[in-house]
>>> print(open('target-v6.txt').read())   # compact mmCIF, N, CA and C atoms
# COMPACT_ATOMS: atom_id res chain seq x y z
N MET A 11 38.66 15.00 29.25
CA MET A 11 38.32 13.63 28.94
C MET A 11 38.36 13.43 27.43
N GLY A 12 38.73 12.23 27.01
CA GLY A 12 38.86 11.92 25.58
C GLY A 12 37.51 11.81 24.90
N ALA A 13 37.58 11.56 23.62
CA ALA A 13 36.36 11.41 22.82
C ALA A 13 35.59 10.17 23.26
N ALA A 14 34.33 10.13 22.89
CA ALA A 14 33.48 8.98 23.20
C ALA A 14 34.02 7.74 22.49
N TYR A 15 33.58 6.60 22.95
CA TYR A 15 33.97 5.35 22.30
C TYR A 15 33.47 5.33 20.86
N ARG A 16 34.32 4.81 19.96
CA ARG A 16 33.96 4.72 18.55
C ARG A 16 33.53 3.30 18.17
N THR A 17 34.21 2.30 18.76
CA THR A 17 33.90 0.91 18.46
C THR A 17 33.86 0.12 19.75
N VAL A 18 32.73 -0.51 20.00
CA VAL A 18 32.51 -1.31 21.21
C VAL A 18 32.36 -2.76 20.78
N VAL A 19 33.16 -3.64 21.38
CA VAL A 19 33.06 -5.08 21.13
C VAL A 19 32.43 -5.73 22.34
N VAL A 20 31.49 -6.64 22.09
CA VAL A 20 30.90 -7.44 23.18
C VAL A 20 30.91 -8.89 22.76
N GLY A 21 31.22 -9.76 23.72
CA GLY A 21 31.20 -11.19 23.46
C GLY A 21 29.91 -11.81 23.95
N THR A 22 29.42 -12.79 23.20
CA THR A 22 28.24 -13.53 23.63
C THR A 22 28.42 -15.01 23.33
N ASP A 23 27.84 -15.84 24.20
CA ASP A 23 27.83 -17.29 23.95
C ASP A 23 26.40 -17.82 23.91
N GLY A 24 25.44 -16.90 23.89
CA GLY A 24 24.04 -17.30 23.85
C GLY A 24 23.39 -17.45 25.20
N SER A 25 24.17 -17.31 26.26
CA SER A 25 23.60 -17.43 27.61
C SER A 25 22.87 -16.15 27.98
N GLU A 26 21.96 -16.24 28.94
CA GLU A 26 21.26 -15.05 29.42
C GLU A 26 22.26 -14.05 29.98
N SER A 27 23.27 -14.54 30.66
CA SER A 27 24.31 -13.68 31.22
C SER A 27 24.99 -12.87 30.12
N SER A 28 25.38 -13.54 29.04
CA SER A 28 26.06 -12.82 27.98
C SER A 28 25.12 -11.87 27.24
N PHE A 29 23.83 -12.23 27.15
CA PHE A 29 22.88 -11.33 26.52
C PHE A 29 22.67 -10.06 27.36
N ALA A 30 22.80 -10.16 28.69
CA ALA A 30 22.73 -8.97 29.53
C ALA A 30 23.92 -8.04 29.22
N ALA A 31 25.08 -8.63 28.95
CA ALA A 31 26.24 -7.83 28.55
C ALA A 31 26.00 -7.17 27.19
N VAL A 32 25.36 -7.90 26.26
CA VAL A 32 25.02 -7.33 24.95
C VAL A 32 24.10 -6.13 25.13
N ASP A 33 23.10 -6.26 25.99
CA ASP A 33 22.17 -5.15 26.24
C ASP A 33 22.92 -3.91 26.72
N ARG A 34 23.83 -4.09 27.68
CA ARG A 34 24.59 -2.96 28.23
C ARG A 34 25.51 -2.36 27.18
N ALA A 35 26.20 -3.23 26.42
CA ALA A 35 27.11 -2.75 25.38
C ALA A 35 26.34 -1.97 24.32
N ALA A 36 25.15 -2.45 23.97
CA ALA A 36 24.32 -1.77 22.96
C ALA A 36 23.91 -0.39 23.45
N ALA A 37 23.56 -0.28 24.73
CA ALA A 37 23.18 1.01 25.28
C ALA A 37 24.36 1.98 25.26
N VAL A 38 25.54 1.49 25.63
CA VAL A 38 26.75 2.33 25.61
C VAL A 38 27.05 2.77 24.18
N ALA A 39 27.02 1.82 23.25
CA ALA A 39 27.30 2.14 21.85
C ALA A 39 26.28 3.13 21.29
N GLY A 40 25.01 2.90 21.61
CA GLY A 40 23.96 3.81 21.15
C GLY A 40 24.16 5.22 21.68
N ASP A 41 24.46 5.33 22.97
CA ASP A 41 24.69 6.65 23.58
C ASP A 41 25.89 7.36 22.97
N ALA A 42 26.93 6.59 22.61
CA ALA A 42 28.16 7.18 22.08
C ALA A 42 28.13 7.34 20.57
N GLY A 43 27.10 6.81 19.91
CA GLY A 43 27.08 6.81 18.46
C GLY A 43 28.16 5.91 17.88
N ALA A 44 28.54 4.90 18.66
CA ALA A 44 29.63 3.99 18.27
C ALA A 44 29.09 2.79 17.49
N THR A 45 29.99 2.13 16.79
CA THR A 45 29.67 0.86 16.15
C THR A 45 29.77 -0.23 17.21
N LEU A 46 28.78 -1.09 17.26
CA LEU A 46 28.80 -2.24 18.16
C LEU A 46 29.17 -3.47 17.36
N VAL A 47 30.21 -4.17 17.80
CA VAL A 47 30.62 -5.42 17.17
C VAL A 47 30.32 -6.54 18.15
N ILE A 48 29.41 -7.43 17.78
CA ILE A 48 29.04 -8.56 18.64
C ILE A 48 29.81 -9.78 18.14
N ALA A 49 30.58 -10.37 19.04
CA ALA A 49 31.42 -11.51 18.67
C ALA A 49 30.98 -12.76 19.39
N CYS A 50 31.03 -13.89 18.69
CA CYS A 50 30.74 -15.18 19.29
C CYS A 50 31.84 -16.15 18.87
N ALA A 51 32.56 -16.67 19.85
CA ALA A 51 33.59 -17.67 19.58
C ALA A 51 32.92 -19.03 19.43
N PHE A 52 33.48 -19.86 18.56
CA PHE A 52 32.95 -21.20 18.41
C PHE A 52 34.08 -22.17 18.13
N TYR A 53 33.82 -23.42 18.43
CA TYR A 53 34.75 -24.49 18.11
C TYR A 53 34.21 -25.25 16.91
N PRO A 54 35.07 -25.62 15.94
CA PRO A 54 34.60 -26.42 14.81
C PRO A 54 33.99 -27.72 15.33
N ALA A 55 33.16 -28.32 14.54
CA ALA A 55 32.38 -29.46 15.03
C ALA A 55 33.06 -30.81 14.87
N SER A 56 34.39 -30.90 15.01
CA SER A 56 35.03 -32.22 15.06
C SER A 56 34.86 -32.77 16.47
N GLN A 57 34.96 -34.06 16.64
CA GLN A 57 34.71 -34.65 17.96
C GLN A 57 35.70 -34.15 19.01
N SER A 58 36.98 -34.01 18.65
CA SER A 58 37.96 -33.55 19.64
C SER A 58 37.64 -32.11 20.06
N ASP A 59 37.16 -31.29 19.13
CA ASP A 59 36.80 -29.93 19.49
C ASP A 59 35.52 -29.88 20.32
N VAL A 60 34.59 -30.80 20.04
CA VAL A 60 33.39 -30.88 20.87
C VAL A 60 33.80 -31.24 22.30
N ASP A 61 34.71 -32.20 22.43
CA ASP A 61 35.19 -32.59 23.77
C ASP A 61 35.88 -31.42 24.46
N LYS A 62 36.69 -30.67 23.71
CA LYS A 62 37.39 -29.52 24.28
C LYS A 62 36.38 -28.47 24.76
N ALA A 63 35.38 -28.21 23.93
CA ALA A 63 34.36 -27.23 24.30
C ALA A 63 33.63 -27.68 25.56
N GLN A 64 33.35 -28.98 25.66
CA GLN A 64 32.65 -29.47 26.85
C GLN A 64 33.52 -29.35 28.09
N ASP A 65 34.83 -29.55 27.94
CA ASP A 65 35.74 -29.36 29.07
C ASP A 65 35.69 -27.93 29.57
N VAL A 66 35.64 -26.98 28.63
CA VAL A 66 35.67 -25.56 28.98
C VAL A 66 34.30 -25.06 29.42
N LEU A 67 33.25 -25.47 28.70
CA LEU A 67 31.94 -24.85 28.87
C LEU A 67 30.89 -25.74 29.53
N GLY A 68 31.21 -27.00 29.77
CA GLY A 68 30.25 -27.89 30.41
C GLY A 68 28.99 -28.04 29.59
N GLU A 69 27.83 -27.97 30.28
CA GLU A 69 26.57 -28.25 29.60
C GLU A 69 26.19 -27.20 28.57
N GLU A 70 26.87 -26.04 28.56
CA GLU A 70 26.53 -25.01 27.59
C GLU A 70 27.35 -25.12 26.30
N ALA A 71 28.17 -26.15 26.18
CA ALA A 71 29.03 -26.31 25.01
C ALA A 71 28.23 -26.40 23.72
N TYR A 72 27.02 -26.95 23.80
CA TYR A 72 26.20 -27.10 22.58
C TYR A 72 25.97 -25.76 21.90
N GLN A 73 26.04 -24.68 22.66
CA GLN A 73 25.71 -23.37 22.10
C GLN A 73 26.79 -22.84 21.17
N VAL A 74 28.01 -23.31 21.32
CA VAL A 74 29.10 -22.69 20.56
C VAL A 74 29.95 -23.68 19.79
N VAL A 75 29.47 -24.90 19.58
CA VAL A 75 30.22 -25.87 18.80
C VAL A 75 29.68 -25.86 17.37
N GLY A 76 30.55 -25.51 16.43
CA GLY A 76 30.13 -25.35 15.04
C GLY A 76 29.65 -23.94 14.79
N SER A 77 29.71 -23.51 13.53
CA SER A 77 29.39 -22.12 13.24
C SER A 77 27.89 -21.84 13.18
N ALA A 78 27.05 -22.84 12.91
CA ALA A 78 25.60 -22.59 12.81
C ALA A 78 25.01 -22.08 14.13
N PRO A 79 25.31 -22.74 15.28
CA PRO A 79 24.79 -22.18 16.53
C PRO A 79 25.33 -20.78 16.80
N ALA A 80 26.58 -20.52 16.43
CA ALA A 80 27.16 -19.19 16.63
C ALA A 80 26.38 -18.16 15.82
N GLU A 81 26.05 -18.50 14.58
CA GLU A 81 25.29 -17.56 13.75
C GLU A 81 23.90 -17.30 14.34
N ASP A 82 23.25 -18.34 14.86
CA ASP A 82 21.94 -18.16 15.52
C ASP A 82 22.07 -17.26 16.73
N THR A 83 23.11 -17.49 17.54
CA THR A 83 23.37 -16.67 18.72
C THR A 83 23.58 -15.21 18.31
N LEU A 84 24.36 -15.00 17.27
CA LEU A 84 24.64 -13.64 16.81
C LEU A 84 23.38 -12.94 16.32
N GLN A 85 22.49 -13.66 15.64
CA GLN A 85 21.25 -13.04 15.18
C GLN A 85 20.38 -12.62 16.36
N SER A 86 20.28 -13.48 17.36
CA SER A 86 19.52 -13.13 18.57
C SER A 86 20.13 -11.92 19.27
N ALA A 87 21.46 -11.91 19.35
CA ALA A 87 22.16 -10.80 20.01
C ALA A 87 21.96 -9.51 19.23
N ARG A 88 22.01 -9.59 17.89
CA ARG A 88 21.80 -8.40 17.05
C ARG A 88 20.41 -7.81 17.30
N ASP A 89 19.39 -8.67 17.35
CA ASP A 89 18.03 -8.21 17.60
C ASP A 89 17.94 -7.51 18.95
N ARG A 90 18.54 -8.11 19.97
CA ARG A 90 18.52 -7.51 21.31
C ARG A 90 19.24 -6.16 21.31
N ALA A 91 20.39 -6.11 20.64
CA ALA A 91 21.19 -4.88 20.61
C ALA A 91 20.42 -3.74 19.95
N ALA A 92 19.70 -4.06 18.89
CA ALA A 92 18.91 -3.02 18.22
C ALA A 92 17.82 -2.49 19.15
N ARG A 93 17.18 -3.40 19.88
CA ARG A 93 16.14 -2.98 20.85
C ARG A 93 16.74 -2.16 21.98
N ALA A 94 18.01 -2.41 22.32
CA ALA A 94 18.65 -1.72 23.45
C ALA A 94 19.29 -0.39 23.05
N GLY A 95 19.20 -0.03 21.76
CA GLY A 95 19.65 1.31 21.37
C GLY A 95 20.82 1.40 20.42
N ALA A 96 21.46 0.28 20.09
CA ALA A 96 22.57 0.34 19.13
C ALA A 96 22.02 0.54 17.72
N GLU A 97 22.67 1.38 16.94
CA GLU A 97 22.22 1.63 15.58
C GLU A 97 23.15 1.00 14.55
N LYS A 98 24.46 1.07 14.80
CA LYS A 98 25.44 0.49 13.87
C LYS A 98 25.93 -0.82 14.50
N ILE A 99 25.49 -1.95 13.94
CA ILE A 99 25.78 -3.25 14.55
C ILE A 99 26.43 -4.17 13.52
N ASP A 100 27.58 -4.72 13.89
CA ASP A 100 28.24 -5.77 13.10
C ASP A 100 28.28 -7.02 13.95
N THR A 101 28.25 -8.18 13.30
CA THR A 101 28.41 -9.44 14.05
C THR A 101 29.55 -10.23 13.42
N VAL A 102 30.22 -11.02 14.26
CA VAL A 102 31.32 -11.84 13.77
C VAL A 102 31.41 -13.13 14.58
N ALA A 103 31.45 -14.25 13.86
CA ALA A 103 31.70 -15.56 14.48
C ALA A 103 33.19 -15.84 14.31
N VAL A 104 33.86 -16.21 15.40
CA VAL A 104 35.30 -16.39 15.37
C VAL A 104 35.64 -17.79 15.88
N LYS A 105 36.40 -18.53 15.09
CA LYS A 105 36.80 -19.87 15.48
C LYS A 105 37.90 -19.78 16.53
N GLY A 106 37.68 -20.42 17.68
CA GLY A 106 38.70 -20.44 18.72
C GLY A 106 38.12 -20.24 20.10
N ASP A 107 39.01 -20.15 21.08
CA ASP A 107 38.51 -19.98 22.45
C ASP A 107 38.08 -18.53 22.67
N PRO A 108 37.21 -18.30 23.66
CA PRO A 108 36.62 -16.98 23.84
C PRO A 108 37.63 -15.85 24.07
N VAL A 109 38.64 -16.07 24.91
CA VAL A 109 39.59 -14.99 25.22
C VAL A 109 40.37 -14.58 23.97
N ASP A 110 40.96 -15.54 23.28
CA ASP A 110 41.73 -15.23 22.07
C ASP A 110 40.85 -14.62 21.00
N SER A 111 39.63 -15.12 20.87
CA SER A 111 38.71 -14.61 19.87
C SER A 111 38.34 -13.16 20.13
N LEU A 112 38.03 -12.84 21.37
CA LEU A 112 37.68 -11.45 21.71
C LEU A 112 38.87 -10.52 21.49
N ARG A 113 40.06 -10.95 21.89
CA ARG A 113 41.25 -10.13 21.68
C ARG A 113 41.49 -9.89 20.20
N LYS A 114 41.28 -10.91 19.39
CA LYS A 114 41.47 -10.79 17.94
C LYS A 114 40.49 -9.77 17.35
N VAL A 115 39.22 -9.85 17.75
CA VAL A 115 38.22 -8.92 17.24
C VAL A 115 38.52 -7.49 17.68
N VAL A 116 38.91 -7.32 18.94
CA VAL A 116 39.27 -5.99 19.44
C VAL A 116 40.39 -5.39 18.59
N LYS A 117 41.40 -6.19 18.32
CA LYS A 117 42.54 -5.70 17.52
C LYS A 117 42.13 -5.41 16.08
N GLU A 118 41.44 -6.37 15.43
CA GLU A 118 41.06 -6.20 14.03
C GLU A 118 40.13 -5.00 13.82
N ARG A 119 39.22 -4.78 14.75
CA ARG A 119 38.24 -3.69 14.60
C ARG A 119 38.71 -2.39 15.24
N GLU A 120 39.93 -2.40 15.81
CA GLU A 120 40.47 -1.22 16.49
C GLU A 120 39.48 -0.68 17.52
N ALA A 121 38.92 -1.59 18.28
CA ALA A 121 37.93 -1.22 19.30
C ALA A 121 38.59 -0.45 20.44
N ASP A 122 37.80 0.39 21.08
CA ASP A 122 38.31 1.10 22.25
C ASP A 122 37.57 0.74 23.53
N LEU A 123 36.59 -0.18 23.43
CA LEU A 123 35.91 -0.70 24.62
C LEU A 123 35.50 -2.14 24.35
N LEU A 124 35.77 -2.99 25.34
CA LEU A 124 35.34 -4.39 25.30
C LEU A 124 34.40 -4.61 26.47
N VAL A 125 33.23 -5.19 26.19
CA VAL A 125 32.23 -5.45 27.21
C VAL A 125 32.04 -6.95 27.35
N VAL A 126 32.11 -7.45 28.59
CA VAL A 126 31.87 -8.86 28.88
C VAL A 126 31.03 -8.97 30.13
N GLY A 127 30.33 -10.09 30.27
CA GLY A 127 29.60 -10.38 31.50
C GLY A 127 30.55 -10.91 32.56
N ASN A 128 30.10 -10.93 33.79
CA ASN A 128 30.97 -11.36 34.88
C ASN A 128 30.87 -12.84 35.20
N ARG A 129 30.11 -13.60 34.41
CA ARG A 129 29.95 -15.02 34.70
C ARG A 129 31.31 -15.71 34.76
N GLY A 130 31.52 -16.49 35.80
CA GLY A 130 32.77 -17.21 35.98
C GLY A 130 33.79 -16.46 36.80
N LEU A 131 33.57 -15.16 37.00
CA LEU A 131 34.56 -14.34 37.70
C LEU A 131 34.70 -14.74 39.17
N ASN A 132 33.61 -15.13 39.81
CA ASN A 132 33.65 -15.43 41.24
C ASN A 132 33.54 -16.92 41.55
N THR A 133 33.82 -17.76 40.56
CA THR A 133 33.77 -19.20 40.80
C THR A 133 35.14 -19.69 41.22
N ILE A 134 35.18 -20.85 41.86
CA ILE A 134 36.46 -21.46 42.23
C ILE A 134 37.30 -21.70 40.98
N ALA A 135 36.68 -22.29 39.95
CA ALA A 135 37.42 -22.56 38.71
C ALA A 135 37.94 -21.25 38.11
N GLY A 136 37.12 -20.21 38.15
CA GLY A 136 37.53 -18.91 37.62
C GLY A 136 38.72 -18.35 38.36
N ARG A 137 38.75 -18.54 39.68
CA ARG A 137 39.88 -18.03 40.47
C ARG A 137 41.14 -18.83 40.20
N ILE A 138 41.00 -20.13 40.02
CA ILE A 138 42.16 -20.98 39.81
C ILE A 138 42.65 -20.93 38.36
N LEU A 139 41.72 -21.10 37.43
CA LEU A 139 42.09 -21.23 36.02
C LEU A 139 42.03 -19.91 35.25
N GLY A 140 41.33 -18.94 35.81
CA GLY A 140 41.11 -17.70 35.09
C GLY A 140 39.80 -17.75 34.34
N SER A 141 39.02 -16.72 34.45
CA SER A 141 37.75 -16.66 33.75
C SER A 141 37.90 -15.79 32.51
N VAL A 142 36.94 -15.87 31.61
CA VAL A 142 36.98 -15.03 30.42
C VAL A 142 37.04 -13.55 30.81
N PRO A 143 36.18 -13.06 31.74
CA PRO A 143 36.26 -11.63 32.08
C PRO A 143 37.63 -11.22 32.63
N SER A 144 38.20 -12.02 33.54
CA SER A 144 39.48 -11.61 34.11
C SER A 144 40.61 -11.70 33.09
N GLU A 145 40.57 -12.72 32.23
CA GLU A 145 41.62 -12.87 31.22
C GLU A 145 41.58 -11.72 30.21
N VAL A 146 40.39 -11.37 29.71
CA VAL A 146 40.33 -10.29 28.72
C VAL A 146 40.66 -8.95 29.36
N ALA A 147 40.29 -8.77 30.63
CA ALA A 147 40.61 -7.52 31.30
C ALA A 147 42.13 -7.35 31.40
N ARG A 148 42.84 -8.45 31.65
CA ARG A 148 44.30 -8.38 31.76
C ARG A 148 44.98 -8.24 30.41
N LYS A 149 44.41 -8.85 29.37
CA LYS A 149 45.14 -9.01 28.11
C LYS A 149 44.65 -8.16 26.94
N SER A 150 43.53 -7.49 27.04
CA SER A 150 42.95 -6.86 25.85
C SER A 150 43.63 -5.57 25.43
N GLY A 151 44.16 -4.81 26.37
CA GLY A 151 44.82 -3.56 26.02
C GLY A 151 43.89 -2.39 25.75
N VAL A 152 42.60 -2.57 26.01
CA VAL A 152 41.63 -1.48 25.85
C VAL A 152 40.77 -1.42 27.11
N ASP A 153 39.95 -0.40 27.22
CA ASP A 153 39.02 -0.32 28.34
C ASP A 153 38.12 -1.55 28.32
N VAL A 154 37.85 -2.09 29.51
CA VAL A 154 36.98 -3.25 29.63
C VAL A 154 35.86 -2.92 30.61
N LEU A 155 34.64 -3.14 30.19
CA LEU A 155 33.48 -2.99 31.07
C LEU A 155 32.99 -4.40 31.40
N ILE A 156 33.07 -4.77 32.67
CA ILE A 156 32.56 -6.06 33.13
C ILE A 156 31.18 -5.82 33.72
N VAL A 157 30.17 -6.35 33.04
CA VAL A 157 28.78 -6.13 33.43
C VAL A 157 28.37 -7.17 34.47
N HIS A 158 27.78 -6.71 35.56
CA HIS A 158 27.30 -7.64 36.59
C HIS A 158 26.04 -8.31 36.06
N THR A 159 26.17 -9.60 35.69
CA THR A 159 25.07 -10.30 35.03
C THR A 159 24.61 -11.52 35.81
N THR A 160 25.32 -11.87 36.86
CA THR A 160 24.97 -13.09 37.59
C THR A 160 24.51 -12.77 39.00
>>> encode(input="target-v6.txt", output="structure tokens")
Amino acid sequence: MGAAYRTVVVGTDGSESSFAAVDRAAAVAGDAGATLVIACAFYPASQSDVDKAQDVLGEEAYQVVGSAPAEDTLQSARDRAARAGAEKIDTVAVKGDPVDSLRKVVKEREADLLVVGNRGLNTIAGRILGSVPSEVARKSGVDVLIVHTT
């Protein structure tokens, strides 16, 4: 078997589901002595982007529109990750949709594991349109851990 993971990326949007994924990613990173990179995608706060975020995220769009909520989300996630065992923690707010943002962070940080929650995976919309977990699993090019959070 290969070496332990060196860099673990986890995505969060501030939801309880995504924070459960952060907890699991932090435990994996802590056990492996890996760096944990917590990423939060956000849309700039123009009206068209707010509308786009609401189309994608519904009532939870408020959490990721503009960089200030993303920074708050990342601080909460960092605190949780430290409690869950991660020692080396970086955070990054990325402008754009969640799938592209996570793929970008994985590539830039040369991550070898991506952790996401399973929210949206078993919904009708997720089956028809594709959910963040299924899209990143298909497109990321690294190991993906989908945490059962719902």
>>> residues_around(input="target-v6.txt", residues="Val104 in chain A", least_positions_apart="3", cutoff="6.5 Å", atoms="only N, CA and C atoms", output="list in words")
Ala49, Cys50, Ala51, Phe52, Tyr53 and Ser111 of chain A
>>> residues_around(input="target-v6.txt", residues="Val154 in chain A", least_positions_apart="6", cutoff="6 Å", atoms="all atoms listed in the file", output="number ranges by chain")
A: 123-125, 147
>>> atom_distance(input="target-v6.txt", atom1="CA of Asp100 in chain A", atom2="CA of Val142 in chain A")
21.5 Å
>>> select_by_dssp(input="target-v6.txt", residues="range 68-124 of chain A", states="strand (DSSP E)", output="list in words")
Lys98, Ile99, Asp100, Thr101, Val102, Ala103, Val104, Lys105, Leu123 and Leu124 of chain A
>>> closest_residue(input="target-v6.txt", among="A:Ala103, A:Val47, A:Ala94, A:Thr83", to="Val18 in chain A", atoms="only N, CA and C atoms")
A:Val47
